[in-house]
Amino acid sequence: MSNDTEADENAPDEGDGVIDEAPDSPPSDRTGGADNGVSGPPEDPLGPEERGPAPDEHGRAPEGRDEAPEDAEGTIDDLGSDVEVDAEVADDVDEDDLLGGLKIDSTEEIDVPDRLVDQVIGQEHARDVVMKAAKQRRHVMMIGSPGTGKSMLAKAMSELLPPEELQDVLVYHNPDDGNNPKVRTVPAGKGDQIVEAHKEEARKRNQMRSFLMWIIIAIVIGYSFIIAGQILLGILAAGVIYLAFRYGSRGGDAMVPNLIVNNADTTTAPFEDATGAHAGALLGDVRHDPFQSGGMETPSHDRVEPGAIHKANKGVLFIDEINTLDIRSQQHLMTAIQEGEFHITGQSERSSGAMVQTEPVPTDFIMIAAGNLDAMENMHPALRSRIKGYGYEVYMDDTIEDTPEMRRKYARFVAQEVSKDGRLPEYSAAAIEEVILEARRRAGRKGHLTLKLRNLGGLVRVAGDIARSEDADFVTRDHVLQAKGRSRSIEQQLADDYIERRKDYELQVSEGYEVGRVNGLAVMGEDSGIMLPVMAEVTPSQGPGEVIATGQLKEMAQEAVSNVSAIIKKFSDENISEKDIHIQFVQTGQQGVDGDSASITVATAVISALEGVGVDQSLAMTGSLSVRGDVLPVGGVTHKIEAAAKSGCDRVIIPAANMQDVMIEDEYEEMVEIIPVSHISEVLDIALEGEAEKDSLVARLKSITGSALSQGEAVSGPSSPSPQ
């Protein structure tokens with residue numbers, strides 16, 4: 001490392017964490033091991049006894065350093081849902097048992113796992129990817145809905161990485177170039193010892209300087225008082241000597257290194273959440289120094305601040321909403337991933353820190369990037385390529401199959417939320433069952449449970465708060481039911497408010513027959529249904545006939561209207577090329593209408609207006625429509641049905657394929673009749689008044705669509721609703 005033969009002979013073995021003796025020795029490879037070979041100060045104040053044993057040839061800490069647990073609980077293969085619920089389970093489990101056979105009275109009887117990795121529920125594919133990535137140190141990109149466990153899996157990965165590879169990072173003053181501080185990596189726990197040793201040596205030097213200074217001052221003052229008789233001159237000389245010594249002592253302080261990454265007390269691999277971090281917090285920064293000369297300046301190495309990429313070395317760097325990072329930060333992040341090291345420099349070009357650039361600092365981290373589906377659109381393509389080229393991409397599931405085993409784990413989830421909060425009463429068995437029922441309902445699919453556990457955890461906490469306000473010993477089913485009302489989303493509160501306002505102003509019709517008016521159904525947000533009237537009118541055209549739709553229709557809704565117009569043109573006996581068909585989505589507001597779930601509503605309204613036949617106003621409907629007249633499944637049917645019931649409707653038409661997804665609350669079951677349909681002819685048969693006119697219209701529609709379906713015959717469709 002040094003050209004000095006004597007220095008080479010006396011140098012310690014490479015990798016033992018000792019600072020190189022030669023101040024001008026060039027840096028060596030920094031890509032691995034505990035010692036990267038960067039030259040430090042002229043002399044290492046630590047002796048061999050203080051340094052401790054050296055790491056092995058792979059840079060791992062010696063025996064006695066905190067090791068990854070080797071018992072069964074600590075193995076990397078025991079992750080999350082593979083861990084069984086620690087409670088008594090019935091031998092013969094009834095498939096309809098909401099607790100999956102758990103024989104408990106409350107969550108107090110369920111043991112919560114200590115490790116975060118054992119608390120993960122569901123996400124089978126994502127868990128397999130995380131296990132592989134942790135074993136092979138691969139990067140991962142997780143895409144999925146908010147609240148499905150992306151950050152929890154990232155934290156779980158950090159617990160699976162071996163902590164014995166952790167390192168401390170020190171930054172030293174460079175006597176040759178103050179704006180290029182030197183960097184040193186040593187085994188975790190040794191950084192503090194080196195800094196303290198340097199500080200102790202600096203204190204000893206300062207004490208010697210102070211002792212010498214006061215002796216010289218005493219001699220000068222004594223000489224000026226006793227021999228020369230110049231008292232004022234002696235005082236001035238003493239002041240000059242004092243300032244000179246103080247100014248000279250600053251150079252000794254600059255020899256104390258700056259410990260920027262300290263893993264001395266870290267027992268697991270680092271986990272750094274850099275979501276929304278600005279450039280300095282992510283990439284590191286150098287503080288501005290207003291005093292840059294005259295001996296008052298702060299040494300550049302003392303102003304170096306590490307970024308999240310440096311703190312995450314040998315651990316996990318987690319960035320959610322990765323697309324919100326600016327392009328420059330994403331480009332630097334690519335460099336850190338590719339090279340495994342990254343210089344720290346000032347991020348503000350107007351700061352004195354912009355002139356400082358350290359030697360490369362290790363950035364050997366596993367990156368977990370996360371986001372929603374739109375995250376991939378604004379993400380730097382080269383960054384995504386690096387993650388994919390050196391790791392995995394995984395989509396997070398929104399639901400999981402409803403089995404007795406999973407119900408038991410959802411019971412454990414409730415116990416976990418109670419334990420994490422620390423201020424909630426325990427849940428009774430009936431309250432747990434109601435939470436599992438809500439998990440079914442929020443899944444939106446028959447035979448599934450939702451994996452949006454953050455929102456479900458919010459329900460658990462609200463119910464617990466209600467129970468605590470009543471000084472109850474346990475959270476009961478009634479508390480959970482109250483919480484479901486109090487924890488409504490903003491969209492649901494708005495939807496309920498709209499329904500009440502429309503009733504007040506008689507804008508909502510739920511009885512009688514009207515021509516060209518149909519009660520459609522829509523979803524606001526993810527869990528809020530609302531009734532959306534659609535009106536149609538046919539007028540003479542001043543030119544070529546056209547279909548005119550108003551109500552803030554978005555692209556998909558406009559396409560749905562166009563598809564419906566194809567059926568209308570073929571259906572009508574009249575020449576509609578000389579007529580305009582006006583379609584209005586009433587009171588849609590600024591949000592507008594998206595999706596094609598109002599297709600059968602539009603078709604019914606237009607046919608009613610063309611033929612002058614009234615539509616039953618006690619009926620609401622939802623469903624997509626093909627150009628051949630088949631009714632296709634849509635999303636959010638449960639919330640739409642409940643909205644119709646709240647609005648006073650007696651019957652609701654939904655696609656037959658959606659019947660498996662209906663999970664309405666008990667209070668609405670007696671309020672509304674659910675009618676499944678599979679063809680537009682069935683919709684007209686149910687919705688229109690007048691038997692003779694209706695029979696003629698239905699027969700004509702069956703003949704022109706080419707689907708001679710008998711009453712009640714089902715059309716096959718997808719097993720799960722489309723996201724409309």
# chains A, B, ... in the order shown; residues from 1 in each chain; ligands from 1
call {"tool": "residues_around", "arguments": {"residues": "Arg423 (chain A)", "least_positions_apart": "4", "cutoff": "9 Å", "atoms": "only C-alpha atoms", "output": "compact mmCIF listing (two decimals) with all heavy atoms, in the first residue's frame"}}
result
# COMPACT_ATOMS: atom_id res chain seq x y z
N VAL A 418 -53.80 -5.21 18.45
CA VAL A 418 -54.03 -4.85 19.85
C VAL A 418 -52.70 -4.73 20.59
O VAL A 418 -52.47 -3.80 21.36
CB VAL A 418 -54.94 -5.90 20.54
CG1 VAL A 418 -55.01 -5.65 22.04
CG2 VAL A 418 -56.34 -5.86 19.93
N SER A 419 -51.78 -5.67 20.32
CA SER A 419 -50.48 -5.66 20.97
C SER A 419 -49.64 -4.47 20.53
O SER A 419 -48.99 -3.82 21.35
CB SER A 419 -49.74 -6.97 20.66
OG SER A 419 -48.44 -6.97 21.19
N GLY A 464 -61.58 -0.48 19.20
CA GLY A 464 -60.91 -0.50 20.50
C GLY A 464 -61.05 0.82 21.23
O GLY A 464 -61.24 0.85 22.46
N ASP A 465 -60.99 1.92 20.49
CA ASP A 465 -61.15 3.25 21.11
C ASP A 465 -62.56 3.41 21.67
O ASP A 465 -62.75 3.99 22.75
CB ASP A 465 -60.87 4.35 20.09
CG ASP A 465 -59.40 4.43 19.70
OD1 ASP A 465 -58.57 3.86 20.44
OD2 ASP A 465 -59.09 5.03 18.67
N ARG A 468 -62.77 1.39 24.83
CA ARG A 468 -62.03 2.02 25.93
C ARG A 468 -62.77 3.23 26.48
O ARG A 468 -62.75 3.49 27.68
CB ARG A 468 -60.64 2.43 25.44
CG ARG A 468 -59.72 2.87 26.56
CD ARG A 468 -58.37 3.27 26.06
NE ARG A 468 -57.50 3.66 27.16
CZ ARG A 468 -56.33 4.23 27.02
NH1 ARG A 468 -55.87 4.50 25.82
NH2 ARG A 468 -55.60 4.55 28.07
call {"tool": "residues_around", "arguments": {"residues": "Ile368 (chain A)", "least_positions_apart": "2", "cutoff": "9 Å", "atoms": "only C-alpha atoms", "output": "PyMOL selection string"}}
result
chain A and resi 139-142+150-151+154+316-320+366+370+387
call {"tool": "residues_around", "arguments": {"residues": "region 649-662 of chain A", "least_positions_apart": "6", "cutoff": "6 Å", "atoms": "only C-alpha atoms", "output": "list in words"}}
result
Gly444, Arg445, Lys446, Ser510, Ser618, Leu619, Ala620, Met621, Thr622, Gly623, Val631, Pro633, Thr638, Val672, Glu673, Ile674, Ile675, Pro676, Val677 and Ser678 of chain A
call {"tool": "write_last_selection", "arguments": {"atoms": "all heavy atoms", "output": "short mmCIF file (atom, residue, chain, number, x, y, z; two decimals), in the first residue's frame"}}
result
data_model
loop_
_atom_site.label_atom_id
_atom_site.label_comp_id
_atom_site.auth_asym_id
_atom_site.auth_seq_id
_atom_site.Cartn_x
_atom_site.Cartn_y
_atom_site.Cartn_z
N GLY A 444 -64.45 -7.98 -1.82
CA GLY A 444 -65.19 -7.79 -3.06
C GLY A 444 -65.28 -9.04 -3.92
O GLY A 444 -65.76 -8.98 -5.04
N ARG A 445 -64.82 -10.17 -3.40
CA ARG A 445 -64.87 -11.44 -4.14
C ARG A 445 -65.32 -12.54 -3.20
O ARG A 445 -64.84 -12.63 -2.07
CB ARG A 445 -63.49 -11.80 -4.70
CG ARG A 445 -62.96 -10.87 -5.75
CD ARG A 445 -61.56 -11.30 -6.18
NE ARG A 445 -61.57 -12.62 -6.77
CZ ARG A 445 -60.46 -13.30 -7.10
NH1 ARG A 445 -59.27 -12.76 -6.87
NH2 ARG A 445 -60.54 -14.49 -7.65
N LYS A 446 -66.21 -13.35 -3.69
CA LYS A 446 -66.70 -14.45 -2.87
C LYS A 446 -65.57 -15.44 -2.60
O LYS A 446 -64.80 -15.76 -3.50
CB LYS A 446 -67.85 -15.15 -3.58
CG LYS A 446 -68.56 -16.20 -2.73
CD LYS A 446 -69.73 -16.80 -3.46
CE LYS A 446 -70.48 -17.81 -2.61
NZ LYS A 446 -71.12 -17.21 -1.44
N SER A 510 -88.05 7.19 -6.47
CA SER A 510 -87.97 5.76 -6.16
C SER A 510 -89.33 5.09 -6.29
O SER A 510 -89.57 4.05 -5.69
CB SER A 510 -87.42 5.55 -4.75
OG SER A 510 -88.22 6.23 -3.80
N SER A 618 -88.56 2.40 -9.01
CA SER A 618 -88.18 1.71 -7.77
C SER A 618 -87.06 0.71 -8.02
O SER A 618 -86.69 -0.05 -7.14
CB SER A 618 -89.39 0.99 -7.18
OG SER A 618 -89.79 -0.09 -8.03
N LEU A 619 -86.54 0.76 -9.24
CA LEU A 619 -85.50 -0.18 -9.67
C LEU A 619 -84.20 0.58 -9.95
O LEU A 619 -84.23 1.67 -10.52
CB LEU A 619 -85.96 -0.90 -10.93
CG LEU A 619 -84.98 -1.86 -11.62
CD1 LEU A 619 -84.89 -3.17 -10.83
CD2 LEU A 619 -85.43 -2.15 -13.05
N ALA A 620 -83.06 0.03 -9.51
CA ALA A 620 -81.74 0.56 -9.86
C ALA A 620 -80.95 -0.53 -10.56
O ALA A 620 -81.28 -1.73 -10.42
CB ALA A 620 -81.00 1.05 -8.62
N MET A 621 -79.93 -0.15 -11.30
CA MET A 621 -79.20 -1.17 -12.06
C MET A 621 -77.74 -0.79 -12.26
O MET A 621 -77.38 0.40 -12.22
CB MET A 621 -79.86 -1.40 -13.43
CG MET A 621 -79.89 -0.19 -14.35
SD MET A 621 -80.74 -0.54 -15.93
CE MET A 621 -82.43 -0.73 -15.39
N THR A 622 -76.92 -1.79 -12.48
CA THR A 622 -75.51 -1.60 -12.83
C THR A 622 -75.06 -2.78 -13.67
O THR A 622 -75.54 -3.90 -13.49
CB THR A 622 -74.62 -1.48 -11.58
OG1 THR A 622 -73.26 -1.24 -11.98
CG2 THR A 622 -74.64 -2.75 -10.74
N GLY A 623 -74.18 -2.53 -14.61
CA GLY A 623 -73.67 -3.61 -15.45
C GLY A 623 -73.04 -3.06 -16.71
O GLY A 623 -73.45 -2.03 -17.24
N VAL A 631 -74.63 -8.81 -20.82
CA VAL A 631 -74.34 -8.03 -19.61
C VAL A 631 -73.09 -8.62 -18.95
O VAL A 631 -73.08 -9.79 -18.56
CB VAL A 631 -75.52 -8.03 -18.64
CG1 VAL A 631 -75.18 -7.23 -17.39
CG2 VAL A 631 -76.76 -7.45 -19.32
N PRO A 633 -69.74 -8.46 -16.08
CA PRO A 633 -69.55 -8.11 -14.66
C PRO A 633 -68.83 -6.77 -14.47
O PRO A 633 -68.07 -6.33 -15.32
CB PRO A 633 -68.71 -9.27 -14.11
CG PRO A 633 -68.00 -9.82 -15.30
CD PRO A 633 -68.94 -9.65 -16.45
N THR A 638 -71.37 -4.76 -4.22
CA THR A 638 -71.87 -4.74 -2.84
C THR A 638 -72.20 -3.32 -2.41
O THR A 638 -73.28 -3.05 -1.86
CB THR A 638 -70.83 -5.35 -1.89
OG1 THR A 638 -70.66 -6.73 -2.21
CG2 THR A 638 -71.28 -5.23 -0.44
N VAL A 672 -83.93 -4.79 -0.02
CA VAL A 672 -83.80 -4.74 -1.47
C VAL A 672 -83.72 -6.15 -2.05
O VAL A 672 -83.14 -7.06 -1.44
CB VAL A 672 -82.54 -3.91 -1.86
CG1 VAL A 672 -81.28 -4.58 -1.37
CG2 VAL A 672 -82.48 -3.65 -3.35
N GLU A 673 -84.33 -6.33 -3.22
CA GLU A 673 -84.27 -7.61 -3.94
C GLU A 673 -83.20 -7.52 -5.02
O GLU A 673 -83.17 -6.56 -5.80
CB GLU A 673 -85.63 -7.91 -4.58
CG GLU A 673 -85.63 -9.20 -5.40
CD GLU A 673 -86.91 -9.39 -6.19
OE1 GLU A 673 -87.82 -8.54 -6.04
OE2 GLU A 673 -86.99 -10.36 -6.96
N ILE A 674 -82.32 -8.51 -5.07
CA ILE A 674 -81.21 -8.52 -6.04
C ILE A 674 -81.60 -9.41 -7.22
O ILE A 674 -81.96 -10.59 -7.04
CB ILE A 674 -79.92 -9.03 -5.39
CG1 ILE A 674 -79.55 -8.15 -4.20
CG2 ILE A 674 -78.78 -9.04 -6.41
CD1 ILE A 674 -78.41 -8.69 -3.36
N ILE A 675 -81.56 -8.86 -8.43
CA ILE A 675 -81.97 -9.59 -9.62
C ILE A 675 -80.76 -9.75 -10.55
O ILE A 675 -80.27 -8.76 -11.10
CB ILE A 675 -83.10 -8.85 -10.36
CG1 ILE A 675 -84.27 -8.57 -9.42
CG2 ILE A 675 -83.54 -9.64 -11.58
CD1 ILE A 675 -85.34 -7.70 -10.02
N PRO A 676 -80.23 -10.96 -10.75
CA PRO A 676 -79.12 -11.16 -11.68
C PRO A 676 -79.61 -11.28 -13.12
O PRO A 676 -80.64 -11.91 -13.38
CB PRO A 676 -78.49 -12.48 -11.19
CG PRO A 676 -79.64 -13.22 -10.58
CD PRO A 676 -80.58 -12.19 -10.01
N VAL A 677 -78.90 -10.68 -14.04
CA VAL A 677 -79.25 -10.75 -15.46
C VAL A 677 -77.99 -11.05 -16.27
O VAL A 677 -76.87 -10.80 -15.82
CB VAL A 677 -79.89 -9.44 -15.97
CG1 VAL A 677 -81.19 -9.15 -15.24
CG2 VAL A 677 -78.92 -8.27 -15.82
N SER A 678 -78.20 -11.56 -17.49
CA SER A 678 -77.06 -11.87 -18.34
C SER A 678 -77.21 -11.29 -19.75
O SER A 678 -76.31 -11.44 -20.56
CB SER A 678 -76.87 -13.39 -18.43
OG SER A 678 -78.08 -14.01 -18.83
#
call {"tool": "residues_around", "arguments": {"residues": "Leu325 (chain A)", "least_positions_apart": "3", "cutoff": "12 Å", "atoms": "only C-alpha atoms", "output": "CSV table (one decimal) with N, CA and C atoms, in the first residue's frame"}}
result
chain,number,residue,atom,x,y,z
A,274,ALA,N,-36.4,5.7,3.0
A,274,ALA,CA,-36.1,6.9,2.3
A,274,ALA,C,-37.3,7.5,1.5
A,275,THR,N,-38.5,7.1,1.8
A,275,THR,CA,-39.7,7.5,1.1
A,275,THR,C,-39.8,9.1,1.2
A,276,GLY,N,-39.9,9.7,0.0
A,276,GLY,CA,-40.0,11.2,0.0
A,276,GLY,C,-38.8,11.9,0.4
A,277,ALA,N,-37.6,11.3,0.5
A,277,ALA,CA,-36.4,12.0,1.0
A,277,ALA,C,-35.9,12.9,-0.1
A,278,HIS,N,-35.4,14.1,0.3
A,278,HIS,CA,-34.8,15.0,-0.6
A,278,HIS,C,-33.4,14.5,-0.9
A,279,ALA,N,-32.7,15.2,-1.9
A,279,ALA,CA,-31.4,14.6,-2.4
A,279,ALA,C,-30.4,14.5,-1.3
A,281,ALA,N,-30.9,14.0,2.0
A,281,ALA,CA,-31.2,12.9,2.9
A,281,ALA,C,-31.0,11.6,2.3
A,282,LEU,N,-31.1,11.5,1.0
A,282,LEU,CA,-31.0,10.2,0.3
A,282,LEU,C,-29.5,9.9,-0.1
A,283,LEU,N,-28.8,10.9,-0.6
A,283,LEU,CA,-27.5,10.7,-1.2
A,283,LEU,C,-26.4,11.2,-0.3
A,319,ILE,N,-37.8,2.5,-0.5
A,319,ILE,CA,-38.3,3.7,-1.1
A,319,ILE,C,-39.7,3.5,-1.6
A,320,ASP,N,-40.7,4.0,-0.9
A,320,ASP,CA,-42.1,3.9,-1.4
A,320,ASP,C,-42.4,5.1,-2.3
A,321,GLU,N,-43.4,4.9,-3.2
A,321,GLU,CA,-43.7,5.9,-4.3
A,321,GLU,C,-42.4,6.3,-5.0
A,322,ILE,N,-41.7,5.3,-5.5
A,322,ILE,CA,-40.4,5.6,-6.1
A,322,ILE,C,-40.4,6.6,-7.2
A,328,ARG,N,-32.8,13.4,-11.2
A,328,ARG,CA,-31.3,13.4,-10.8
A,328,ARG,C,-31.1,12.5,-9.7
A,329,SER,N,-32.0,12.4,-8.7
A,329,SER,CA,-31.8,11.5,-7.6
A,329,SER,C,-31.8,10.0,-8.0
A,330,GLN,N,-32.8,9.7,-9.0
A,330,GLN,CA,-32.9,8.4,-9.5
A,330,GLN,C,-31.6,8.0,-10.2
A,331,GLN,N,-31.0,8.9,-11.0
A,331,GLN,CA,-29.8,8.6,-11.7
A,331,GLN,C,-28.6,8.3,-10.7
A,332,HIS,N,-28.5,9.1,-9.6
A,332,HIS,CA,-27.5,8.9,-8.6
A,332,HIS,C,-27.7,7.5,-7.9
A,333,LEU,N,-29.0,7.2,-7.7
A,333,LEU,CA,-29.3,6.0,-7.1
A,333,LEU,C,-28.9,4.8,-7.9
A,369,ALA,N,-38.0,-1.1,-3.9
A,369,ALA,CA,-38.7,0.0,-4.4
A,369,ALA,C,-40.2,-0.4,-4.4
A,370,ALA,N,-41.1,0.5,-4.0
A,370,ALA,CA,-42.5,0.2,-4.0
A,370,ALA,C,-43.3,1.3,-4.6
A,371,GLY,N,-44.6,1.0,-4.8
A,371,GLY,CA,-45.5,2.0,-5.4
A,371,GLY,C,-46.7,1.4,-5.9
A,375,ALA,N,-46.7,4.0,-10.4
A,375,ALA,CA,-45.3,4.3,-10.1
A,375,ALA,C,-44.4,3.9,-11.3
A,378,ASN,N,-43.7,6.9,-14.2
A,378,ASN,CA,-42.8,8.0,-14.1
A,378,ASN,C,-41.5,7.6,-13.5
A,379,MET,N,-41.2,6.3,-13.4
A,379,MET,CA,-40.0,5.8,-12.9
A,379,MET,C,-38.9,5.8,-14.0
A,380,HIS,N,-37.7,6.2,-13.6
A,380,HIS,CA,-36.6,6.2,-14.6
A,380,HIS,C,-36.4,4.8,-15.2
A,383,LEU,N,-33.3,2.9,-14.1
A,383,LEU,CA,-33.4,2.4,-12.7
A,383,LEU,C,-34.2,1.2,-12.6
call {"tool": "residues_around", "arguments": {"residues": "Gly222 (chain A)", "least_positions_apart": "4", "cutoff": "12 Å", "atoms": "only C-alpha atoms", "output": "PyMOL selection string"}}
result
chain A and resi 214-218+226-231+233-235+237-238
call {"tool": "write_last_selection", "arguments": {"atoms": "C-alpha atoms", "output": "mmCIF file, in the first residue's frame"}}
result
data_model
loop_
_atom_site.group_PDB
_atom_site.id
_atom_site.type_symbol
_atom_site.label_atom_id
_atom_site.label_comp_id
_atom_site.auth_asym_id
_atom_site.auth_seq_id
_atom_site.Cartn_x
_atom_site.Cartn_y
_atom_site.Cartn_z
ATOM 1 C CA TRP A 214 1.046 29.204 30.452
ATOM 2 C CA ILE A 215 4.738 28.688 31.257
ATOM 3 C CA ILE A 216 5.756 30.981 28.375
ATOM 4 C CA ILE A 217 3.124 33.574 29.350
ATOM 5 C CA ALA A 218 4.353 33.502 32.971
ATOM 6 C CA ILE A 226 10.512 42.595 37.112
ATOM 7 C CA ILE A 227 13.361 43.220 34.661
ATOM 8 C CA ALA A 228 12.077 45.408 31.797
ATOM 9 C CA GLY A 229 9.474 47.295 33.809
ATOM 10 C CA GLN A 230 7.123 47.385 30.766
ATOM 11 C CA ILE A 231 3.848 46.102 32.246
ATOM 12 C CA LEU A 233 4.020 45.521 26.789
ATOM 13 C CA GLY A 234 4.124 42.280 28.786
ATOM 14 C CA ILE A 235 0.324 42.002 28.818
ATOM 15 C CA ALA A 237 2.861 39.953 24.463
ATOM 16 C CA ALA A 238 1.000 37.450 26.662
#
call {"tool": "closest_residue", "arguments": {"among": "A:Gly346, A:Pro540, A:Pro425, A:Gly284", "to": "Ala308 (chain A)", "atoms": "only C-alpha atoms"}}
result
A:Gly284
call {"tool": "closest_residue", "arguments": {"among": "A:Ala382, A:Val523, A:Ile680, A:Val304", "to": "Ile327 (chain A)", "atoms": "only C-alpha atoms"}}
result
A:Ala382
call {"tool": "select_by_dssp", "arguments": {"residues": "region 180-365 of chain A", "states": "alpha helix (DSSP H)", "output": "short mmCIF file (atom, residue, chain, number, x, y, z; two decimals) with C-alpha atoms, in the first residue's frame"}}
result
data_model
loop_
_atom_site.label_atom_id
_atom_site.label_comp_id
_atom_site.auth_asym_id
_atom_site.auth_seq_id
_atom_site.Cartn_x
_atom_site.Cartn_y
_atom_site.Cartn_z
CA LYS A 190 -14.71 -0.35 16.19
CA GLY A 191 -15.57 3.15 14.95
CA ASP A 192 -16.43 4.44 18.42
CA GLN A 193 -13.16 3.10 19.80
CA ILE A 194 -11.12 4.79 17.08
CA VAL A 195 -12.86 8.14 17.55
CA GLU A 196 -12.45 8.01 21.35
CA ALA A 197 -8.77 7.12 20.98
CA HIS A 198 -8.23 10.09 18.64
CA LYS A 199 -10.09 12.40 21.02
CA GLU A 200 -8.00 11.21 23.96
CA GLU A 201 -4.80 11.81 22.03
CA ALA A 202 -6.05 15.27 21.02
CA ARG A 203 -6.84 16.05 24.67
CA LYS A 204 -3.33 15.05 25.71
CA ARG A 205 -1.80 17.26 23.01
CA ASN A 206 -4.00 20.17 24.06
CA GLN A 207 -3.01 19.72 27.70
CA MET A 208 0.68 19.79 26.79
CA ARG A 209 0.14 22.88 24.61
CA SER A 210 -1.79 24.64 27.40
CA PHE A 211 0.90 23.80 29.96
CA LEU A 212 3.64 25.10 27.66
CA MET A 213 1.57 28.20 26.82
CA TRP A 214 1.05 29.20 30.45
CA ILE A 215 4.74 28.69 31.26
CA ILE A 216 5.76 30.98 28.38
CA ILE A 217 3.12 33.57 29.35
CA ALA A 218 4.35 33.50 32.97
CA ILE A 219 7.98 34.00 31.86
CA VAL A 220 7.08 36.89 29.52
CA ILE A 221 4.93 38.67 32.11
CA GLY A 222 7.53 38.08 34.84
CA ILE A 231 3.85 46.10 32.25
CA LEU A 232 1.61 47.01 29.29
CA LEU A 233 4.02 45.52 26.79
CA GLY A 234 4.12 42.28 28.79
CA ILE A 235 0.32 42.00 28.82
CA LEU A 236 0.17 42.55 25.05
CA ALA A 237 2.86 39.95 24.46
CA ALA A 238 1.00 37.45 26.66
CA GLY A 239 -2.19 38.03 24.64
CA VAL A 240 -0.37 37.45 21.37
CA ILE A 241 1.13 34.22 22.70
CA TYR A 242 -2.30 33.03 23.91
CA LEU A 243 -3.94 33.64 20.52
CA ALA A 244 -1.05 32.00 18.69
CA PHE A 245 -1.34 28.82 20.78
CA ARG A 246 -5.12 28.72 20.41
CA TYR A 247 -4.90 29.19 16.65
CA GLY A 248 -2.27 26.47 16.35
CA SER A 249 -4.28 23.97 18.40
CA ARG A 250 -7.08 23.88 15.82
CA GLY A 251 -4.97 21.70 13.55
CA GLY A 252 -4.93 18.98 16.20
CA ASP A 253 -8.74 18.90 16.40
CA ALA A 279 -31.45 14.65 -2.39
CA GLY A 280 -29.34 15.41 0.69
CA ALA A 281 -31.19 12.95 2.93
CA LEU A 282 -30.97 10.22 0.29
CA LEU A 283 -27.48 10.74 -1.15
CA ALA A 308 -29.89 6.92 3.51
CA ILE A 309 -27.96 4.95 0.87
CA HIS A 310 -24.86 4.99 3.13
CA LYS A 311 -26.73 4.20 6.36
CA ILE A 327 -34.74 12.26 -12.09
CA ARG A 328 -31.34 13.43 -10.81
CA SER A 329 -31.76 11.48 -7.56
CA GLN A 330 -32.87 8.39 -9.48
CA GLN A 331 -29.77 8.63 -11.68
CA HIS A 332 -27.46 8.86 -8.65
CA LEU A 333 -29.34 5.96 -7.07
CA MET A 334 -28.56 3.90 -10.17
CA THR A 335 -24.86 4.65 -9.71
CA ALA A 336 -24.96 3.62 -6.05
CA ILE A 337 -26.66 0.33 -6.95
CA GLN A 338 -24.28 -0.40 -9.81
CA GLU A 339 -20.99 0.54 -8.15
#
call {"tool": "residues_around", "arguments": {"residues": "Gly516 (chain A)", "least_positions_apart": "5", "cutoff": "10 Å", "atoms": "only C-alpha atoms", "output": "list in words"}}
result
Val534, Met535, Ala536, Glu537, Val538, Ile583, Val602, Ala603, Thr604, Ala605, Val606, Ile607, Ser608, Ala609, Leu610, Glu611, Gly612, Val613, Gly614 and Val615 of chain A
